[in-house]
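Asks: Hey, dropping structure31.cif in here, mmCIF, C-alpha atoms:
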```
data_run
loop_
_atom_site.label_atom_id
_atom_site.label_comp_id
_atom_site.auth_asym_id
_atom_site.auth_seq_id
_atom_site.Cartn_x
_atom_site.Cartn_y
_atom_site.Cartn_z
CA MET A 1 81.87 107.64 181.06
CA ALA A 2 83.45 111.04 180.43
CA LYS A 3 84.02 112.14 176.86
CA LYS A 4 87.53 112.76 175.58
CA THR A 5 88.49 116.43 175.59
CA GLU A 6 88.19 117.90 172.08
CA PHE A 7 89.62 121.41 172.74
CA GLU A 8 86.97 123.14 170.68
CA GLN A 9 87.14 126.35 172.72
CA ILE A 10 90.95 126.44 172.97
CA LYS A 11 91.20 126.38 169.20
CA LYS A 12 88.99 129.48 168.99
CA PHE A 13 91.72 131.38 170.83
CA GLU A 14 94.64 129.66 169.08
CA ASP A 15 96.04 132.99 167.94
CA ASP A 16 96.41 134.08 171.58
CA PHE A 17 98.74 131.28 172.63
CA ASN A 18 100.55 131.12 169.28
CA ARG A 19 101.69 134.70 169.91
CA CYS A 20 103.62 133.63 173.01
CA THR A 21 107.39 133.67 172.33
CA GLN A 22 108.27 132.06 175.70
CA CYS A 23 110.37 135.12 176.56
CA GLY A 24 109.40 134.97 180.24
CA TYR A 25 108.63 138.67 180.61
CA CYS A 26 105.38 137.64 182.30
CA THR A 27 107.40 136.31 185.25
CA PHE A 28 108.22 139.90 186.23
CA TRP A 29 104.54 140.85 186.46
CA CYS A 30 102.48 137.82 187.50
CA PRO A 31 101.32 138.31 191.14
CA ILE A 32 101.22 134.55 191.70
CA TYR A 33 104.72 133.94 190.30
CA GLN A 34 106.08 136.68 192.57
CA GLU A 35 104.96 134.59 195.56
CA GLU A 36 105.70 131.11 194.17
CA PRO A 37 108.27 131.17 191.33
CA ILE A 38 107.12 127.93 189.69
CA GLU A 39 106.95 127.73 185.90
CA THR A 40 103.42 126.28 185.87
CA SER A 41 102.19 129.30 187.87
CA VAL A 42 102.98 131.82 185.16
CA ALA A 43 101.49 132.47 181.72
CA ARG A 44 104.47 131.06 179.82
CA GLY A 45 104.21 127.76 181.68
CA LYS A 46 100.49 127.47 181.03
CA VAL A 47 101.00 128.11 177.31
CA SER A 48 103.66 125.37 177.21
CA ALA A 49 101.31 122.94 178.93
CA ILE A 50 98.51 123.65 176.46
CA ARG A 51 100.84 123.38 173.46
CA LYS A 52 102.04 119.97 174.65
CA LEU A 53 98.49 118.91 175.27
CA LEU A 54 97.40 119.80 171.74
CA SER A 55 100.47 118.43 169.97
CA ALA A 56 100.34 115.13 171.85
CA GLY A 57 96.59 114.77 171.47
CA GLY A 58 96.40 114.09 175.20
CA ASP A 59 93.59 114.44 177.67
CA TYR A 60 92.86 117.39 179.96
CA ASP A 61 93.72 115.69 183.26
CA GLU A 62 93.62 116.96 186.85
CA GLU A 63 97.25 118.12 186.73
CA ILE A 64 96.52 120.41 183.78
CA ALA A 65 93.27 121.53 185.43
CA GLY A 66 95.16 122.48 188.59
CA GLN A 67 97.62 124.57 186.59
CA MET A 68 94.78 126.46 184.88
CA ASP A 69 92.92 127.03 188.16
CA ARG A 70 96.03 128.54 189.74
CA CYS A 71 95.48 131.81 187.89
CA MET A 72 93.56 134.91 189.00
CA LEU A 73 92.77 135.96 185.40
CA CYS A 74 93.90 139.45 186.43
CA LEU A 75 95.23 140.17 182.88
CA THR A 76 98.49 141.60 184.25
CA CYS A 77 100.48 139.27 182.00
CA ALA A 78 98.49 140.33 178.92
CA GLU A 79 98.82 144.02 179.77
CA HIS A 80 102.63 143.82 179.83
CA CYS A 81 103.20 141.22 177.09
CA SER A 82 105.17 142.67 174.17
CA ALA A 83 103.62 140.05 171.85
CA LYS A 84 100.08 140.96 173.04
CA THR A 85 99.41 137.39 174.15
CA ASN A 86 96.15 137.04 176.08
CA VAL A 87 96.74 133.86 178.08
CA PRO A 88 93.67 134.35 180.34
CA HIS A 89 91.49 133.89 177.23
CA VAL A 90 93.21 130.55 176.60
CA ILE A 91 92.80 129.50 180.24
CA LEU A 92 89.07 130.24 180.14
CA ALA A 93 88.75 128.28 176.92
CA ALA A 94 90.68 125.35 178.43
CA LYS A 95 88.35 125.28 181.42
CA ALA A 96 85.35 125.29 179.11
CA ASP A 97 86.71 122.33 177.12
CA LYS A 98 87.27 120.40 180.33
CA VAL A 99 83.68 121.03 181.48
CA ARG A 100 82.29 119.95 178.10
CA ALA A 101 84.23 116.69 178.34
CA LYS A 102 84.02 115.88 182.04
CA GLY A 103 81.19 117.98 183.46
CA VAL A 104 81.20 120.03 186.66
CA SER A 105 82.01 118.26 189.91
CA PHE A 106 79.81 118.31 193.01
CA PRO A 107 79.04 120.59 194.87
CA GLN A 108 79.74 123.17 192.14
CA SER A 109 77.27 121.43 189.85
CA LEU A 110 74.50 121.90 192.44
CA VAL A 111 75.27 125.59 192.90
CA PHE A 112 75.84 126.39 189.24
CA LYS A 113 73.03 124.42 187.62
CA TRP A 114 70.32 124.56 190.27
CA LEU A 115 70.84 127.58 192.52
CA LEU A 116 72.51 130.49 190.69
CA PRO A 117 70.23 130.25 187.60
CA ARG A 118 67.18 130.44 189.91
CA PRO A 119 67.35 133.87 191.62
CA ALA A 120 64.33 133.37 193.90
CA LEU A 121 65.48 129.96 195.12
CA PHE A 122 69.06 131.16 195.58
CA GLY A 123 67.80 134.11 197.63
CA ARG A 124 65.81 131.80 199.91
CA ILE A 125 68.87 129.60 200.47
CA VAL A 126 71.02 132.63 201.36
CA LYS A 127 68.30 133.91 203.70
CA PHE A 128 68.17 130.50 205.40
CA ALA A 129 71.97 130.55 205.78
CA SER A 130 71.83 134.05 207.30
CA TRP A 131 69.81 132.73 210.26
CA PHE A 132 72.77 130.55 211.26
CA GLN A 133 75.69 132.86 210.49
CA TRP A 134 76.14 133.56 214.21
CA ILE A 135 77.20 129.90 214.54
CA PHE A 136 79.64 129.52 211.65
CA MET A 137 80.62 133.22 211.35
CA PRO A 138 81.00 134.79 214.83
CA LYS A 139 81.16 138.59 214.96
CA THR A 140 84.47 140.38 215.27
CA GLU A 141 83.75 144.07 214.77
CA GLY A 142 80.51 145.78 213.80
CA THR A 143 79.00 143.86 210.89
CA ILE A 144 82.23 141.98 210.14
CA ARG A 145 82.43 138.29 210.98
CA HIS A 146 85.13 135.64 210.74
CA LEU A 147 84.94 132.08 209.50
CA SER A 148 85.12 129.40 212.17
CA PHE A 149 87.58 126.52 212.31
CA PHE A 150 85.29 124.00 210.61
CA LEU A 151 85.16 126.30 207.56
CA SER A 152 88.96 126.41 207.36
CA ALA A 153 88.87 125.26 203.73
CA MET A 154 87.44 128.72 202.92
CA GLY A 155 90.11 130.48 204.96
CA LYS A 156 90.13 129.96 208.71
CA GLY A 157 89.59 133.22 210.56
CA ARG A 158 88.82 135.10 207.35
CA ARG A 159 86.93 138.31 208.05
CA ILE A 160 83.93 138.91 205.83
CA PRO A 161 80.89 141.19 206.05
CA GLN A 162 77.78 139.48 207.37
CA ILE A 163 74.79 138.58 205.24
CA ALA A 164 72.39 141.53 205.38
CA PRO A 165 69.12 141.16 207.33
CA ARG A 166 67.18 142.40 204.28
CA PHE A 167 68.31 141.97 200.68
CA LEU A 168 68.29 144.81 198.17
CA LYS A 169 65.63 143.15 196.03
CA GLN A 170 63.34 143.20 199.07
CA THR A 171 63.81 146.90 199.81
CA VAL A 172 63.70 148.69 196.44
CA ALA A 173 60.90 149.23 193.95
CA GLU A 174 61.11 147.79 190.46
CA VAL A 175 60.67 151.26 188.94
CA ASN A 176 62.35 154.28 190.55
CA LYS A 177 61.59 157.67 189.00
CA PRO A 178 63.30 161.04 189.60
CA PRO A 179 61.74 162.89 192.57
CA GLY A 180 58.91 165.39 192.21
CA LYS A 181 58.61 167.05 188.83
CA SER A 182 62.23 166.52 187.89
CA LYS A 183 62.78 165.91 184.20
CA THR A 184 63.73 162.33 183.29
CA LYS A 185 66.89 162.33 181.19
CA MET A 186 66.99 158.61 180.44
CA LYS A 187 65.93 155.18 181.64
CA VAL A 188 68.53 152.71 182.88
CA GLY A 189 68.41 149.22 184.26
CA TYR A 190 70.33 148.58 187.46
CA PHE A 191 72.15 145.24 187.58
CA ILE A 192 72.44 144.48 191.28
CA GLY A 193 74.92 141.60 191.51
CA CYS A 194 74.98 138.97 194.25
CA ALA A 195 77.35 140.73 196.68
CA THR A 196 75.40 143.99 196.59
CA ASN A 197 72.07 142.20 196.93
CA PHE A 198 73.03 139.96 199.85
CA ILE A 199 75.88 141.77 201.64
CA PHE A 200 75.95 145.46 200.65
CA PRO A 201 72.28 146.41 199.99
CA GLU A 202 72.91 149.95 201.27
CA LEU A 203 75.32 150.41 198.33
CA GLY A 204 72.56 149.56 195.86
CA GLU A 205 70.14 151.94 197.57
CA ARG A 206 72.74 154.70 197.38
CA ILE A 207 73.30 154.11 193.64
CA ILE A 208 69.58 154.22 192.89
CA LYS A 209 69.04 157.40 194.95
CA PHE A 210 72.01 159.16 193.36
CA LEU A 211 70.84 158.33 189.85
CA THR A 212 67.20 159.34 190.41
CA LYS A 213 68.33 162.57 192.08
CA ASN A 214 70.20 163.35 188.85
CA GLY A 215 67.23 162.76 186.55
CA VAL A 216 67.63 159.06 185.73
CA GLU A 217 64.75 156.61 185.92
CA VAL A 218 66.11 153.38 187.38
CA VAL A 219 64.49 150.02 186.64
CA VAL A 220 65.44 147.12 188.92
CA PRO A 221 64.07 143.88 187.41
CA LYS A 222 63.38 141.47 190.26
CA GLY A 223 63.93 138.50 187.93
CA GLN A 224 67.57 139.36 187.21
CA GLY A 225 70.05 136.75 188.37
CA CYS A 226 73.78 136.28 188.87
CA CYS A 227 75.96 137.79 186.13
CA GLY A 228 77.44 134.32 185.54
CA ALA A 229 81.06 135.20 186.38
CA PRO A 230 81.54 132.30 188.87
CA VAL A 231 79.98 129.90 186.40
CA TYR A 232 81.43 130.65 182.98
CA LEU A 233 84.50 132.74 183.86
CA GLY A 234 85.46 130.91 187.03
CA ALA A 235 84.55 127.29 186.29
CA GLY A 236 84.25 127.26 182.49
CA ASP A 237 80.63 126.07 182.47
CA PHE A 238 79.65 127.89 179.29
CA ASP A 239 76.36 125.99 178.84
CA THR A 240 74.96 127.08 182.20
CA GLY A 241 76.47 130.55 181.77
CA ARG A 242 74.68 130.85 178.43
CA LYS A 243 71.30 130.15 180.03
CA MET A 244 71.98 132.73 182.71
CA ALA A 245 73.02 135.26 180.06
CA ASP A 246 69.80 134.63 178.10
CA GLY A 247 67.78 135.39 181.22
CA ASN A 248 69.61 138.60 182.09
CA VAL A 249 69.49 139.94 178.53
CA LYS A 250 65.74 139.35 178.48
CA MET A 251 65.28 141.18 181.81
CA PHE A 252 66.94 144.36 180.54
CA GLY A 253 65.37 144.73 177.12
CA ASP A 254 63.70 148.16 177.31
CA VAL A 255 66.37 150.47 178.79
CA ASP A 256 68.90 152.94 177.44
CA TYR A 257 71.76 151.57 179.55
CA VAL A 258 72.45 148.83 182.09
CA VAL A 259 74.42 150.18 185.05
CA SER A 260 76.33 148.11 187.60
CA GLY A 261 78.30 149.01 190.73
CA CYS A 262 80.37 145.82 190.52
CA ALA A 263 83.40 145.72 188.22
CA THR A 264 83.27 141.92 187.96
CA CYS A 265 79.57 141.92 187.03
CA THR A 266 80.10 144.69 184.48
CA SER A 267 82.94 142.78 182.83
CA ALA A 268 81.05 139.47 182.84
CA LEU A 269 77.93 141.06 181.31
CA LYS A 270 79.94 142.74 178.54
CA ASP A 271 81.80 139.51 177.75
CA TYR A 272 78.69 137.41 177.01
CA ALA A 273 79.23 137.91 173.28
CA LYS A 274 82.92 137.01 173.43
CA PHE A 275 82.56 133.68 175.23
CA LEU A 276 78.93 132.55 175.22
CA ALA A 277 77.55 133.43 171.78
CA ASP A 278 77.10 130.08 169.99
CA THR A 279 74.62 131.23 167.31
CA PRO A 280 74.36 134.38 165.14
CA GLU A 281 71.18 135.31 167.02
CA ARG A 282 72.89 135.12 170.41
CA LYS A 283 75.92 136.96 169.06
CA GLU A 284 73.72 139.87 167.99
CA ALA A 285 71.65 139.92 171.20
CA PHE A 286 74.67 139.63 173.50
CA SER A 287 76.61 142.29 171.58
CA LYS A 288 73.74 144.80 171.73
CA PHE A 289 73.30 144.09 175.42
CA GLY A 290 77.03 144.43 176.11
CA ASP A 291 77.13 147.81 174.40
CA LYS A 292 74.54 149.08 176.90
CA VAL A 293 76.42 147.90 180.00
CA LYS A 294 78.29 150.59 181.96
CA ASP A 295 80.15 150.71 185.24
CA ILE A 296 78.55 153.29 187.55
CA GLY A 297 81.65 155.53 187.62
CA GLU A 298 81.95 155.37 183.84
CA PHE A 299 78.23 156.13 183.47
CA LEU A 300 78.36 159.19 185.70
CA ALA A 301 81.50 160.63 184.10
CA ASP A 302 81.06 159.70 180.43
CA VAL A 303 77.29 159.39 179.87
CA LEU A 304 75.65 161.76 182.37
CA LYS A 305 78.73 164.00 182.29
CA LEU A 306 77.93 165.43 185.69
CA PRO A 307 79.89 168.55 186.71
CA PRO A 308 82.26 168.37 189.71
CA ALA A 309 79.73 170.24 191.85
CA ALA A 310 77.32 167.31 191.55
CA TYR A 311 79.60 165.20 193.74
CA GLN A 312 79.40 166.05 197.42
CA ALA A 313 81.29 164.05 200.03
CA ARG A 314 79.40 162.61 202.97
CA SER A 315 79.81 164.87 205.98
CA GLU A 316 81.78 162.29 207.98
CA LEU A 317 84.45 162.23 205.27
CA ARG A 318 85.44 165.87 205.69
CA ASN A 319 89.21 166.29 206.17
CA LYS A 320 89.78 162.62 205.32
CA THR A 321 92.41 161.30 202.92
CA ILE A 322 91.18 158.88 200.26
CA THR A 323 93.15 156.51 198.06
CA TRP A 324 91.85 154.35 195.19
CA HIS A 325 92.33 150.65 194.39
CA ASP A 326 91.87 149.68 190.73
CA PRO A 327 89.91 146.41 190.43
CA CYS A 328 91.39 144.24 187.68
CA HIS A 329 88.00 143.91 185.97
CA LEU A 330 87.56 147.68 185.95
CA ASN A 331 91.03 148.76 184.88
CA ARG A 332 92.45 146.01 182.68
CA TYR A 333 89.24 144.40 181.41
CA LEU A 334 87.16 147.53 180.88
CA GLY A 335 89.81 150.23 180.56
CA ILE A 336 88.16 152.38 183.24
CA LYS A 337 90.80 154.19 185.27
CA ASP A 338 90.40 157.97 185.15
CA GLN A 339 86.65 158.28 185.78
CA PRO A 340 86.55 157.17 189.45
CA ARG A 341 89.59 159.33 190.22
CA GLN A 342 87.87 162.36 188.66
CA ILE A 343 84.87 161.81 190.93
CA ILE A 344 86.96 161.40 194.08
CA LYS A 345 89.07 164.46 193.31
CA SER A 346 85.83 166.46 192.97
CA LEU A 347 84.93 165.85 196.62
CA GLU A 348 85.45 169.14 198.42
CA GLY A 349 86.92 168.86 201.90
CA THR A 350 88.78 165.61 201.19
CA GLU A 351 92.30 164.88 199.97
CA TYR A 352 93.12 162.31 197.30
CA LYS A 353 96.41 160.43 197.45
CA GLU A 354 97.43 157.96 194.74
CA MET A 355 98.97 154.74 195.98
CA VAL A 356 101.94 153.04 194.32
CA ARG A 357 100.76 150.37 191.87
CA ALA A 358 97.09 151.09 192.48
CA ASP A 359 96.35 148.48 189.81
CA TRP A 360 98.13 145.63 191.69
CA CYS A 361 95.65 142.77 192.10
CA CYS A 362 94.31 142.42 195.64
CA GLY A 363 94.29 138.62 195.39
CA MET A 364 90.52 138.12 195.61
CA ALA A 365 89.75 136.70 192.14
CA GLY A 366 86.50 135.08 193.21
CA SER A 367 86.86 131.42 194.12
CA PHE A 368 90.68 131.65 193.77
CA SER A 369 90.88 133.25 197.21
CA THR A 370 88.78 130.42 198.61
CA HIS A 371 90.80 127.58 197.12
CA TYR A 372 94.17 129.28 197.68
CA TYR A 373 93.49 131.51 200.66
CA ASP A 374 97.06 131.53 202.02
CA LEU A 375 98.44 132.48 198.61
CA SER A 376 95.78 135.17 198.16
CA LYS A 377 96.81 136.68 201.53
CA LYS A 378 100.45 136.92 200.38
CA ILE A 379 99.33 138.74 197.24
CA ALA A 380 97.08 141.00 199.31
CA ASP A 381 99.99 141.87 201.62
CA LYS A 382 101.68 143.82 198.80
CA LYS A 383 98.45 145.71 198.14
CA VAL A 384 97.91 146.46 201.83
CA GLU A 385 101.49 147.76 202.19
CA THR A 386 100.90 150.30 199.43
CA ILE A 387 97.63 151.38 201.06
CA GLU A 388 99.40 151.78 204.38
CA ALA A 389 102.14 153.91 202.77
CA THR A 390 99.55 156.51 201.68
CA GLN A 391 98.40 156.96 205.31
CA ALA A 392 94.89 157.26 203.87
CA ASP A 393 91.83 157.11 206.07
CA ILE A 394 89.80 155.45 203.33
CA VAL A 395 90.59 153.07 200.48
CA ALA A 396 87.86 153.26 197.86
CA THR A 397 87.23 150.83 195.04
CA GLY A 398 84.59 149.84 192.50
CA CYS A 399 84.14 146.12 193.17
CA PRO A 400 82.37 144.48 196.16
CA GLY A 401 84.64 141.46 195.74
CA CYS A 402 87.73 143.62 196.17
CA MET A 403 86.03 145.27 199.15
CA ILE A 404 85.63 141.90 200.88
CA GLN A 405 89.30 141.05 200.27
CA LEU A 406 90.55 144.46 201.41
CA ILE A 407 88.38 144.41 204.55
CA ASP A 408 89.80 141.01 205.48
CA ASN A 409 93.42 141.93 204.95
CA THR A 410 93.40 145.45 206.42
CA MET A 411 91.65 144.13 209.54
CA ARG A 412 94.10 141.23 209.73
CA ARG A 413 96.91 143.78 209.98
CA LYS A 414 94.85 145.98 212.34
CA MET A 415 95.06 148.97 210.01
CA PRO A 416 92.95 152.04 210.85
CA VAL A 417 91.61 152.38 207.31
CA LYS A 418 88.03 152.08 206.12
CA VAL A 419 87.17 150.23 202.91
CA MET A 420 84.41 151.87 200.89
CA HIS A 421 82.82 151.69 197.46
CA LEU A 422 83.12 154.77 195.23
CA MET A 423 79.39 155.45 195.60
CA ASP A 424 79.58 155.18 199.40
CA LEU A 425 81.71 158.34 199.39
CA LEU A 426 78.91 160.47 197.96
CA GLU A 427 76.23 162.35 199.85
#
```
Output the file's structure as structure tokens, nothing else.

Replies:
Amino acid sequence: MAKKTEFEQIKKFEDDFNRCTQCGYCTFWCPIYQEEPIETSVARGKVSAIRKLLSAGGDYDEEIAGQMDRCMLCLTCAEHCSAKTNVPHVILAAKADKVRAKGVSFPQSLVFKWLLPRPALFGRIVKFASWFQWIFMPKTEGTIRHLSFFLSAMGKGRRIPQIAPRFLKQTVAEVNKPPGKSKTKMKVGYFIGCATNFIFPELGERIIKFLTKNGVEVVVPKGQGCCGAPVYLGAGDFDTGRKMADGNVKMFGDVDYVVSGCATCTSALKDYAKFLADTPERKEAFSKFGDKVKDIGEFLADVLKLPPAAYQARSELRNKTITWHDPCHLNRYLGIKDQPRQIIKSLEGTEYKEMVRADWCCGMAGSFSTHYYDLSKKIADKKVETIEATQADIVATGCPGCMIQLIDNTMRRKMPVKVMHLMDLLE
């Protein structure tokens, strides 16, 4: 029998929802509310629901759970709130309280508790699935596939990159030193992330090569696992997320920095201390670890401080126009906005063009785009229109999740634009 919800986590963030004045300014900014103007879809409505829940001493039922799930946690509401209310914090806490009381439903429980915390086993399962992707994900163009009818719950016809024939962990050494007699400036750990490992391994190889070429020793622990974002940020399973965090912190003990090419991973790793620290010891360990974590663009610009001449565009990008999409986790969560633009603008022979509302959420938001695919497409349409208006040849970004969403929606509209990661631009 499920335990009654005690709202232990919500109360930790009580100050966040008490700040809300119910002014409704969030309705002007929420990407979801812009597509479905329903009160329960916006931050103000979610705060009202939680206040009623606490005052009435009620239970966290499926209706409340559905309201909390219908949020991309993009932080747009918090960014524009005059009262500085951070409703996404409250939503995460509410999800955590629900999981503590009612557990995680199947099949999420299988994935979260048995697969994601076991990197080797998870890799074998993904490899097994890759052998059959020609059945459930027929090819459309190059390495892009689309989901068949019987996978319509995940978005019928959705275009996604195929699972790579060889994963990054299989192709790179655990220790990668600068070439020849080059002086080693520092030692960093490279956090791969699931999407880079299984779908974009060439991105990881490019990051490692670029860093070693610039005097950085790169350690790639083979025992590192998922960052935990789908588990503790997406589903609210803090207990499982905590175990995953313990493992990752242990893997990256002896390095100067931990670098990631995924905005979501970077944000999730840095937030271990905020959401998962349940003891003073964990608080200290997670905080020290979080301080080391850097996005790759931030690391190059602010830590290595490479000069503009260090960035050379790949030859095939000459005379191309590039625009930039700000991932929510990079811009609003981490405050990283200028660094990737500085790098792109350094690329000789290319033109940079800023899009309108470059920080508008693309609608991916992890499992949100799976559960609410049609809604995520409507949100993506606004983003794609702004990309199209730039007439850019390339839209670059710093998050593999955003890349998957942008590939799907630009191809859906038959746009002649290529989606690339920041590091894919560099020679």

Asks: Got a sec to resolve the PyMOL selection byres ((chain A and resi 311) around 10) on this structure and send the residues as a list of chain:residue names?

Replies: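 For this structure, the PyMOL selection byres ((chain A and resi 311) around 10) resolves to A:Phe210, A:Leu306, A:Pro307, A:Pro308, A:Ala309, A:Ala310, A:Gln312, A:Ala313, A:Arg314, A:Ile343, A:Ile344, A:Lys345, A:Ser346, A:Leu347, A:Glu348, A:Met423, A:Leu425, A:Leu426, A:Glu427.
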
Asks: List, as a list in words, every residue that the PyMOL selection byres ((chain A and resi 30) around 9) selects in the file provided.

Replies: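 Listing what the PyMOL selection byres ((chain A and resi 30) around 9) selects in the shown file: Cys26, Thr27, Phe28, Trp29, Pro31, Ile32, Tyr33, Gln34, Ser41, Val42, Ala43, Cys74, Leu75, Thr76 and Cys77 of chain A.
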
Asks: I'd like to know which of A:Ala65, A:Ile144, A:Ile199, A:Ala389 is closest to A:Gly123, using all atoms listed in the file.

Replies: A:Ile199

Asks: What does the PyMOL selection byres ((chain A and resi 66) around 12) select in this file, as an MDAnalysis selection string?

Replies: chainID A and resid 40:41 46 49 60:65 67:71 91 94:95 98 235 368 371:372

Asks: So which one's closest to A:Lys377, A:Asp97, A:Asp326, A:Asp295, A:Glu35? Using only C-alpha atoms, please.

Replies: A:Glu35

Asks: Determine the nearest neighbour of A:Cys226 from the options A:Phe198, A:Gln342, A:Gly142, A:Glu205, counting all atoms listed in the file.

Replies: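 Ranking A:Phe198, A:Gln342, A:Gly142, A:Glu205 by distance to A:Cys226, first place goes to A:Phe198.
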
Asks: List the residues sitting within 12 Å of (65.2, 133.0, 198.3) in the file's frame, using all atoms listed in the file, as a PyMOL selection string.

Replies: chain A and resi 115-116+118-130+166-167+169-170+197-198+222-223+225

Asks: Set the distance at 7 Å and use all atoms listed in the file: which residues neighbour A:Glu217 once local chain neighbours fewer than 2 positions away are removed? I'd like the list as a PDB file with C-alpha atoms, in the coordinates of the input.

Replies:
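Just written: around_36.pdb:
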```
ATOM      1  CA  ASN A 176      62.350 154.280 190.550  1.00  0.00           C
ATOM      2  CA  LYS A 177      61.590 157.670 189.000  1.00  0.00           C
ATOM      3  CA  PRO A 178      63.300 161.040 189.600  1.00  0.00           C
ATOM      4  CA  THR A 184      63.730 162.330 183.290  1.00  0.00           C
ATOM      5  CA  MET A 186      66.990 158.610 180.440  1.00  0.00           C
ATOM      6  CA  LYS A 187      65.930 155.180 181.640  1.00  0.00           C
ATOM      7  CA  VAL A 188      68.530 152.710 182.880  1.00  0.00           C
ATOM      8  CA  THR A 212      67.200 159.340 190.410  1.00  0.00           C
ATOM      9  CA  GLY A 215      67.230 162.760 186.550  1.00  0.00           C
ATOM     10  CA  VAL A 219      64.490 150.020 186.640  1.00  0.00           C
TER      11      VAL A 219
END
```
